file data.tsv (TSV, C-alpha atoms)
chain	number	residue	atom	x	y	z
A	1	MET	CA	0.00	0.00	0.00
A	2	LYS	CA	1.42	3.35	-1.09
A	3	ALA	CA	-1.45	5.85	-0.96
A	4	VAL	CA	-4.80	6.74	0.52
A	5	ILE	CA	-7.31	8.71	-1.55
A	6	PHE	CA	-10.10	10.62	0.15
A	7	ASP	CA	-13.27	12.15	-1.21
A	8	PHE	CA	-14.18	15.45	0.44
A	9	ASP	CA	-17.87	16.40	0.49
A	10	GLY	CA	-19.84	14.12	2.77
A	11	LEU	CA	-16.79	12.10	3.77
A	12	ILE	CA	-14.38	14.52	5.45
A	13	LEU	CA	-16.98	17.22	6.08
A	14	ASP	CA	-20.68	16.42	5.94
A	15	THR	CA	-21.55	19.14	3.45
A	16	GLU	CA	-24.08	16.84	1.79
A	17	THR	CA	-26.63	16.87	4.59
A	18	ALA	CA	-26.26	20.65	4.68
A	19	TRP	CA	-26.84	20.87	0.90
A	20	TYR	CA	-29.96	18.73	1.15
A	21	ASP	CA	-31.34	20.82	3.99
A	22	SER	CA	-30.51	24.02	2.08
A	23	TYR	CA	-32.18	23.00	-1.18
A	24	LYS	CA	-35.13	21.54	0.69
A	25	GLU	CA	-35.72	24.83	2.53
A	26	VAL	CA	-35.34	26.99	-0.60
A	27	LEU	CA	-37.66	24.85	-2.71
A	28	LYS	CA	-40.27	24.70	0.03
A	29	LYS	CA	-40.19	28.47	0.44
A	30	GLN	CA	-40.16	29.39	-3.27
A	31	PHE	CA	-42.36	26.65	-4.75
A	32	GLU	CA	-43.98	24.83	-1.81
A	33	PHE	CA	-42.18	21.77	-3.15
A	34	ASP	CA	-40.94	19.05	-0.82
A	35	LEU	CA	-37.62	17.72	-2.20
A	36	PRO	CA	-37.44	13.93	-1.69
A	37	LEU	CA	-34.15	12.69	-0.29
A	38	GLU	CA	-34.20	9.73	-2.68
A	39	GLU	CA	-34.08	12.13	-5.64
A	40	PHE	CA	-31.54	14.58	-4.23
A	41	VAL	CA	-29.13	11.80	-3.34
A	42	LYS	CA	-28.75	10.83	-7.01
A	43	CYS	CA	-26.55	13.88	-7.56
A	44	VAL	CA	-24.42	13.42	-4.44
A	45	GLY	CA	-20.76	12.96	-5.27
A	46	SER	CA	-21.27	14.28	-8.79
A	47	ASN	CA	-22.85	17.59	-9.84
A	48	ASP	CA	-26.34	19.10	-9.75
A	49	THR	CA	-27.30	18.30	-13.37
A	50	TRP	CA	-29.64	15.51	-12.31
A	51	LEU	CA	-31.20	17.65	-9.60
A	52	PHE	CA	-32.24	20.46	-11.94
A	53	GLU	CA	-33.43	18.07	-14.65
A	54	TYR	CA	-35.64	16.51	-12.00
A	55	LEU	CA	-36.89	19.88	-10.70
A	56	GLU	CA	-37.79	21.06	-14.21
A	57	LYS	CA	-39.92	17.96	-14.64
A	58	GLU	CA	-41.60	18.25	-11.25
A	59	ILE	CA	-42.01	22.04	-10.83
A	60	ALA	CA	-41.66	23.94	-14.09
A	61	GLU	CA	-39.50	24.16	-17.17
A	62	HIS	CA	-36.87	26.91	-17.37
A	63	LEU	CA	-36.39	27.30	-13.64
A	64	ASP	CA	-34.01	30.03	-12.55
A	65	ALA	CA	-31.34	27.54	-11.54
A	66	ASP	CA	-28.80	30.23	-10.70
A	67	ASN	CA	-31.20	31.86	-8.25
A	68	ILE	CA	-31.99	28.54	-6.58
A	69	ARG	CA	-28.30	27.65	-6.34
A	70	SER	CA	-27.48	31.07	-4.91
A	71	SER	CA	-30.24	30.93	-2.30
A	72	ALA	CA	-29.27	27.40	-1.28
A	73	GLY	CA	-25.60	28.40	-1.19
A	74	ILE	CA	-26.28	31.20	1.28
A	75	LEU	CA	-28.06	28.80	3.61
A	76	HIS	CA	-25.38	26.15	3.12
A	77	THR	CA	-22.63	28.57	4.16
A	78	GLU	CA	-24.47	29.16	7.42
A	79	PHE	CA	-25.08	25.45	8.01
A	80	VAL	CA	-21.42	24.42	7.59
A	81	LYS	CA	-19.79	27.50	9.12
A	82	GLU	CA	-19.13	25.80	12.45
A	83	ALA	CA	-19.13	22.19	11.22
A	84	LYS	CA	-16.32	19.88	12.26
A	85	ALA	CA	-14.66	17.05	10.36
A	86	ARG	CA	-16.47	13.73	10.61
A	87	GLU	CA	-15.50	11.33	13.36
A	88	GLY	CA	-12.17	9.60	12.81
A	89	VAL	CA	-11.00	11.78	9.90
A	90	VAL	CA	-8.13	13.43	11.76
A	91	GLU	CA	-6.96	10.09	13.13
A	92	TYR	CA	-6.93	8.50	9.64
A	93	LEU	CA	-4.94	11.39	8.20
A	94	ALA	CA	-2.45	11.36	11.08
A	95	ASP	CA	-2.04	7.57	10.86
A	96	ALA	CA	-1.53	7.75	7.09
A	97	ARG	CA	1.14	10.41	7.55
A	98	GLU	CA	2.88	8.37	10.26
A	99	ALA	CA	2.81	5.28	8.04
A	100	GLY	CA	4.53	7.20	5.24
A	101	LEU	CA	1.58	6.91	2.84
A	102	THR	CA	0.91	9.51	0.18
A	103	ILE	CA	-2.36	11.32	0.94
A	104	ALA	CA	-4.51	12.56	-1.92
A	105	LEU	CA	-7.94	14.11	-2.34
A	106	ALA	CA	-10.14	13.29	-5.36
A	107	THR	CA	-13.28	15.40	-5.46
A	108	SER	CA	-16.00	16.52	-7.86
A	109	SER	CA	-15.86	19.95	-6.20
A	110	THR	CA	-13.60	22.84	-7.19
A	111	ARG	CA	-10.10	23.41	-5.88
A	112	GLU	CA	-11.21	26.69	-4.32
A	113	TRP	CA	-14.04	24.96	-2.44
A	114	VAL	CA	-11.94	22.18	-0.91
A	115	THR	CA	-8.94	24.41	-0.21
A	116	THR	CA	-11.15	26.83	1.72
A	117	HIS	CA	-12.79	24.13	3.81
A	118	LEU	CA	-9.65	22.07	4.42
A	119	THR	CA	-7.91	25.24	5.57
A	120	ASN	CA	-10.80	26.08	7.91
A	121	LEU	CA	-10.62	22.54	9.31
A	122	ASN	CA	-6.82	22.78	9.74
A	123	LEU	CA	-6.42	19.66	7.60
A	124	ILE	CA	-4.92	20.94	4.37
A	125	SER	CA	-1.32	20.32	5.48
A	126	TYR	CA	-1.98	16.56	5.50
A	127	PHE	CA	-2.63	16.40	1.76
A	128	ASP	CA	0.16	15.82	-0.75
A	129	HIS	CA	-2.14	16.21	-3.77
A	130	LEU	CA	-5.56	17.75	-4.43
A	131	ILE	CA	-7.26	16.45	-7.58
A	132	THR	CA	-10.47	18.37	-8.27
A	133	LYS	CA	-13.06	18.96	-10.98
A	134	ASP	CA	-10.70	21.65	-12.30
A	135	ASP	CA	-8.26	18.90	-13.35
A	136	VAL	CA	-10.56	16.63	-15.39
A	137	ASP	CA	-13.20	16.70	-18.12
A	138	ARG	CA	-15.71	14.53	-16.27
A	139	VAL	CA	-16.54	14.24	-12.57
A	140	LYS	CA	-17.84	11.17	-10.74
A	141	PRO	CA	-19.40	8.72	-11.55
A	142	ALA	CA	-16.88	8.85	-14.41
A	143	PRO	CA	-13.51	7.47	-13.26
A	144	ASP	CA	-11.48	10.46	-14.48
A	145	LEU	CA	-10.71	11.92	-11.03
A	146	PHE	CA	-9.35	8.64	-9.73
A	147	LEU	CA	-7.46	7.84	-12.92
A	148	LYS	CA	-5.87	11.28	-12.76
A	149	THR	CA	-4.96	10.74	-9.11
A	150	ILE	CA	-3.27	7.42	-9.85
A	151	GLU	CA	-1.40	9.06	-12.71
A	152	VAL	CA	-0.21	11.97	-10.56
A	153	LEU	CA	0.85	9.63	-7.75
A	154	GLY	CA	2.68	7.32	-10.17
A	155	ILE	CA	1.18	4.17	-8.69
A	156	GLU	CA	-0.95	1.20	-9.72
A	157	PRO	CA	-4.65	1.07	-8.70
A	158	HIS	CA	-4.09	-1.81	-6.28
A	159	GLU	CA	-1.47	0.24	-4.43
A	160	ALA	CA	-4.11	2.66	-3.11
A	161	VAL	CA	-7.37	2.64	-1.22
A	162	VAL	CA	-10.23	5.07	-1.77
A	163	PHE	CA	-12.53	6.35	0.96
A	164	GLU	CA	-15.96	7.39	-0.33
A	165	ASP	CA	-19.39	8.29	1.02
A	166	SER	CA	-21.44	8.33	-2.21
A	167	LEU	CA	-22.62	5.80	-4.78
A	168	ASN	CA	-21.29	7.99	-7.60
A	169	GLY	CA	-17.90	8.00	-5.92
A	170	LEU	CA	-17.91	4.23	-5.44
A	171	ILE	CA	-18.83	3.66	-9.09
A	172	ALA	CA	-15.98	5.92	-10.20
A	173	ALA	CA	-13.41	4.25	-7.94
A	174	LEU	CA	-14.45	0.75	-8.98
A	175	GLU	CA	-14.20	1.68	-12.67
A	176	ALA	CA	-10.68	2.91	-11.93
A	177	LYS	CA	-10.09	-0.51	-10.27
A	178	ILE	CA	-9.14	0.94	-6.88
A	179	PRO	CA	-10.25	-0.89	-3.70
A	180	THR	CA	-12.85	1.25	-1.92
A	181	VAL	CA	-14.02	1.69	1.65
A	182	VAL	CA	-17.51	3.18	1.85
A	183	ILE	CA	-18.40	5.40	4.81
A	184	PRO	CA	-21.87	6.85	4.15
A	185	ASN	CA	-23.32	9.97	5.76
A	186	PRO	CA	-26.97	10.52	6.78
A	187	VAL	CA	-27.90	11.51	3.21
A	188	THR	CA	-26.22	8.54	1.49
A	189	GLU	CA	-26.63	5.73	4.04
A	190	SER	CA	-29.63	4.16	2.26
A	191	LEU	CA	-27.98	3.97	-1.18
A	192	PRO	CA	-27.49	0.50	-2.74
A	193	PHE	CA	-23.71	0.19	-2.39
A	194	GLU	CA	-22.15	-2.94	-3.90
A	195	ASN	CA	-18.71	-4.43	-4.60
A	196	TYR	CA	-16.87	-2.30	-2.03
A	197	HIS	CA	-13.99	-3.66	0.03
A	198	LEU	CA	-15.48	-2.54	3.34
A	199	LYS	CA	-18.45	-0.49	4.50
A	200	LEU	CA	-18.25	1.37	7.82
A	201	SER	CA	-20.64	3.71	9.58
A	202	SER	CA	-17.71	5.83	10.77
A	203	MET	CA	-13.94	5.97	10.49
A	204	ALA	CA	-13.94	5.38	14.23
A	205	ASP	CA	-15.26	1.85	13.60
A	206	MET	CA	-11.94	0.51	12.30
A	207	SER	CA	-8.38	1.77	12.35
A	208	LEU	CA	-6.58	2.67	9.14
A	209	GLN	CA	-3.93	0.06	9.95
A	210	ASP	CA	-6.58	-2.66	10.21
A	211	ILE	CA	-8.09	-1.59	6.88
A	212	ILE	CA	-4.69	-1.77	5.19
A	213	GLU	CA	-3.99	-5.16	6.72
A	214	SER	CA	-7.35	-6.43	5.40
A	215	LEU	CA	-6.40	-5.22	1.92
A	216	ASN	CA	-3.05	-6.95	2.07
A	217	LYS	CA	-4.51	-10.36	2.88

call {"tool": "encode", "arguments": {"input": "data.tsv", "output": "structure tokens"}}
result
Amino acid sequence: MKAVIFDFDGLILDTETAWYDSYKEVLKKQFEFDLPLEEFVKCVGSNDTWLFEYLEKEIAEHLDADNIRSSAGILHTEFVKEAKAREGVVEYLADAREAGLTIALATSSTREWVTTHLTNLNLISYFDHLITKDDVDRVKPAPDLFLKTIEVLGIEPHEAVVFEDSLNGLIAALEAKIPTVVIPNPVTESLPFENYHLKLSSMADMSLQDIIESLNK
């Protein structure tokens, strides 16, 4: 094992629950529309294309998507302002550093987004590489982010492990042939995950060393 690859949104910081709550509140206020979690979750780990295609079918064509995004973004900023990293994240990063593993981030979000939040969480110094949507043509569930990460790290897929919270992320990692540990958040916990190496409810459930040992067997 040479590297660990982390997703960001929903895995390191639970921004996904905050996004769902934000969109749900905006849509309820503007359209009296109750956004179902099972529809919102289809865009988690990717982008909001699916979400707005769905909303245009359910509410009205030619929605002012920019206005909805902006309103939800304002609420989201408030929701995550004081949020902490998910349980066990700091310990995994510290253990990976101590073990001499390369630490990378592979996210469908922008570099500016993750740099801001990782800085606020005092975690950015742990990461050797940040691979973001700015670096690829396609985000998850396409494998581009993970393929790019493997290329940048100069390793083979089996020499890394991916940590993901979303189905789109898992699909992308599996297509890149990288073993994946799934750690869902409250928004993604009911998704039909399959073919993962391990599934945990929290990073506190199992040490990084034990995960690596299970991969090496």

call {"tool": "closest_atom_pairs", "arguments": {"input": "data.tsv", "of": "region 135-212 of chain A", "to": "region 26-43 of chain A", "cutoff": "12 Å", "atoms": "all atoms listed in the file", "output": "CSV"}}
result
residue,atom,partner,partner_atom,distance
A:Val139,CA,A:Cys43,CA,11.2
A:Lys140,CA,A:Cys43,CA,9.7
A:Pro141,CA,A:Cys43,CA,9.7
A:Asp165,CA,A:Val41,CA,11.2
A:Ser166,CA,A:Val41,CA,8.5
A:Leu167,CA,A:Lys42,CA,8.2
A:Asn168,CA,A:Cys43,CA,7.9
A:Gly169,CA,A:Cys43,CA,10.6
A:Pro184,CA,A:Val41,CA,11.5
A:Asn185,CA,A:Val41,CA,11.0
A:Pro186,CA,A:Leu37,CA,10.3
A:Val187,CA,A:Val41,CA,6.7
A:Thr188,CA,A:Val41,CA,6.5
A:Glu189,CA,A:Val41,CA,9.9
A:Ser190,CA,A:Glu38,CA,8.7
A:Leu191,CA,A:Val41,CA,8.2
A:Pro192,CA,A:Lys42,CA,11.2

call {"tool": "atom_distance", "arguments": {"input": "data.tsv", "atom1": "CA of Asn67 (chain A)", "atom2": "CA of Ala85 (chain A)"}}
result
29.0 Å

call {"tool": "atom_distance", "arguments": {"input": "data.tsv", "atom1": "CA of Thr115 (chain A)", "atom2": "CA of Ala65 (chain A)"}}
result
25.3 Å

call {"tool": "closest_residue", "arguments": {"input": "data.tsv", "among": "A:Trp19, A:Tyr92, A:Phe193, A:Phe79", "to": "Leu170 (chain A)", "atoms": "only C-alpha atoms"}}
result
A:Phe193

call {"tool": "closest_residue", "arguments": {"input": "data.tsv", "among": "A:Leu153, A:Ala160, A:Ala204, A:Val136", "to": "Val4 (chain A)", "atoms": "all atoms listed in the file"}}
result
A:Ala160

call {"tool": "atom_distance", "arguments": {"input": "data.tsv", "atom1": "CA of Thr132 (chain A)", "atom2": "CA of Ile5 (chain A)"}}
result
12.2 Å

call {"tool": "closest_residue", "arguments": {"input": "data.tsv", "among": "A:Ala3, A:Ile155, A:Ile68, A:Met203", "to": "Ala104 (chain A)", "atoms": "all atoms listed in the file"}}
result
A:Ala3

call {"tool": "residues_around", "arguments": {"input": "data.tsv", "residues": "His158 (chain A)", "least_positions_apart": "5", "cutoff": "8 Å", "atoms": "all atoms listed in the file", "output": "VMD selection string"}}
result
chain A and resid 1 177 to 179

call {"tool": "closest_residue", "arguments": {"input": "data.tsv", "among": "A:Thr116, A:Thr15, A:Ala96, A:Leu145", "to": "Ile211 (chain A)", "atoms": "all atoms listed in the file"}}
result
A:Ala96

call {"tool": "closest_residue", "arguments": {"input": "data.tsv", "among": "A:Ala142, A:Leu101, A:Leu13, A:Leu200", "to": "Leu118 (chain A)", "atoms": "only C-alpha atoms"}}
result
A:Leu13

call {"tool": "closest_residue", "arguments": {"input": "data.tsv", "among": "A:Glu91, A:Asp48, A:Asp14, A:Glu58", "to": "Asp205 (chain A)", "atoms": "all atoms listed in the file"}}
result
A:Glu91

call {"tool": "residues_around", "arguments": {"input": "data.tsv", "residues": "Asp134 (chain A)", "least_positions_apart": "5", "cutoff": "10 Å", "atoms": "all atoms listed in the file", "output": "ChimeraX atom specification"}}
result
/A:107-112,139,145
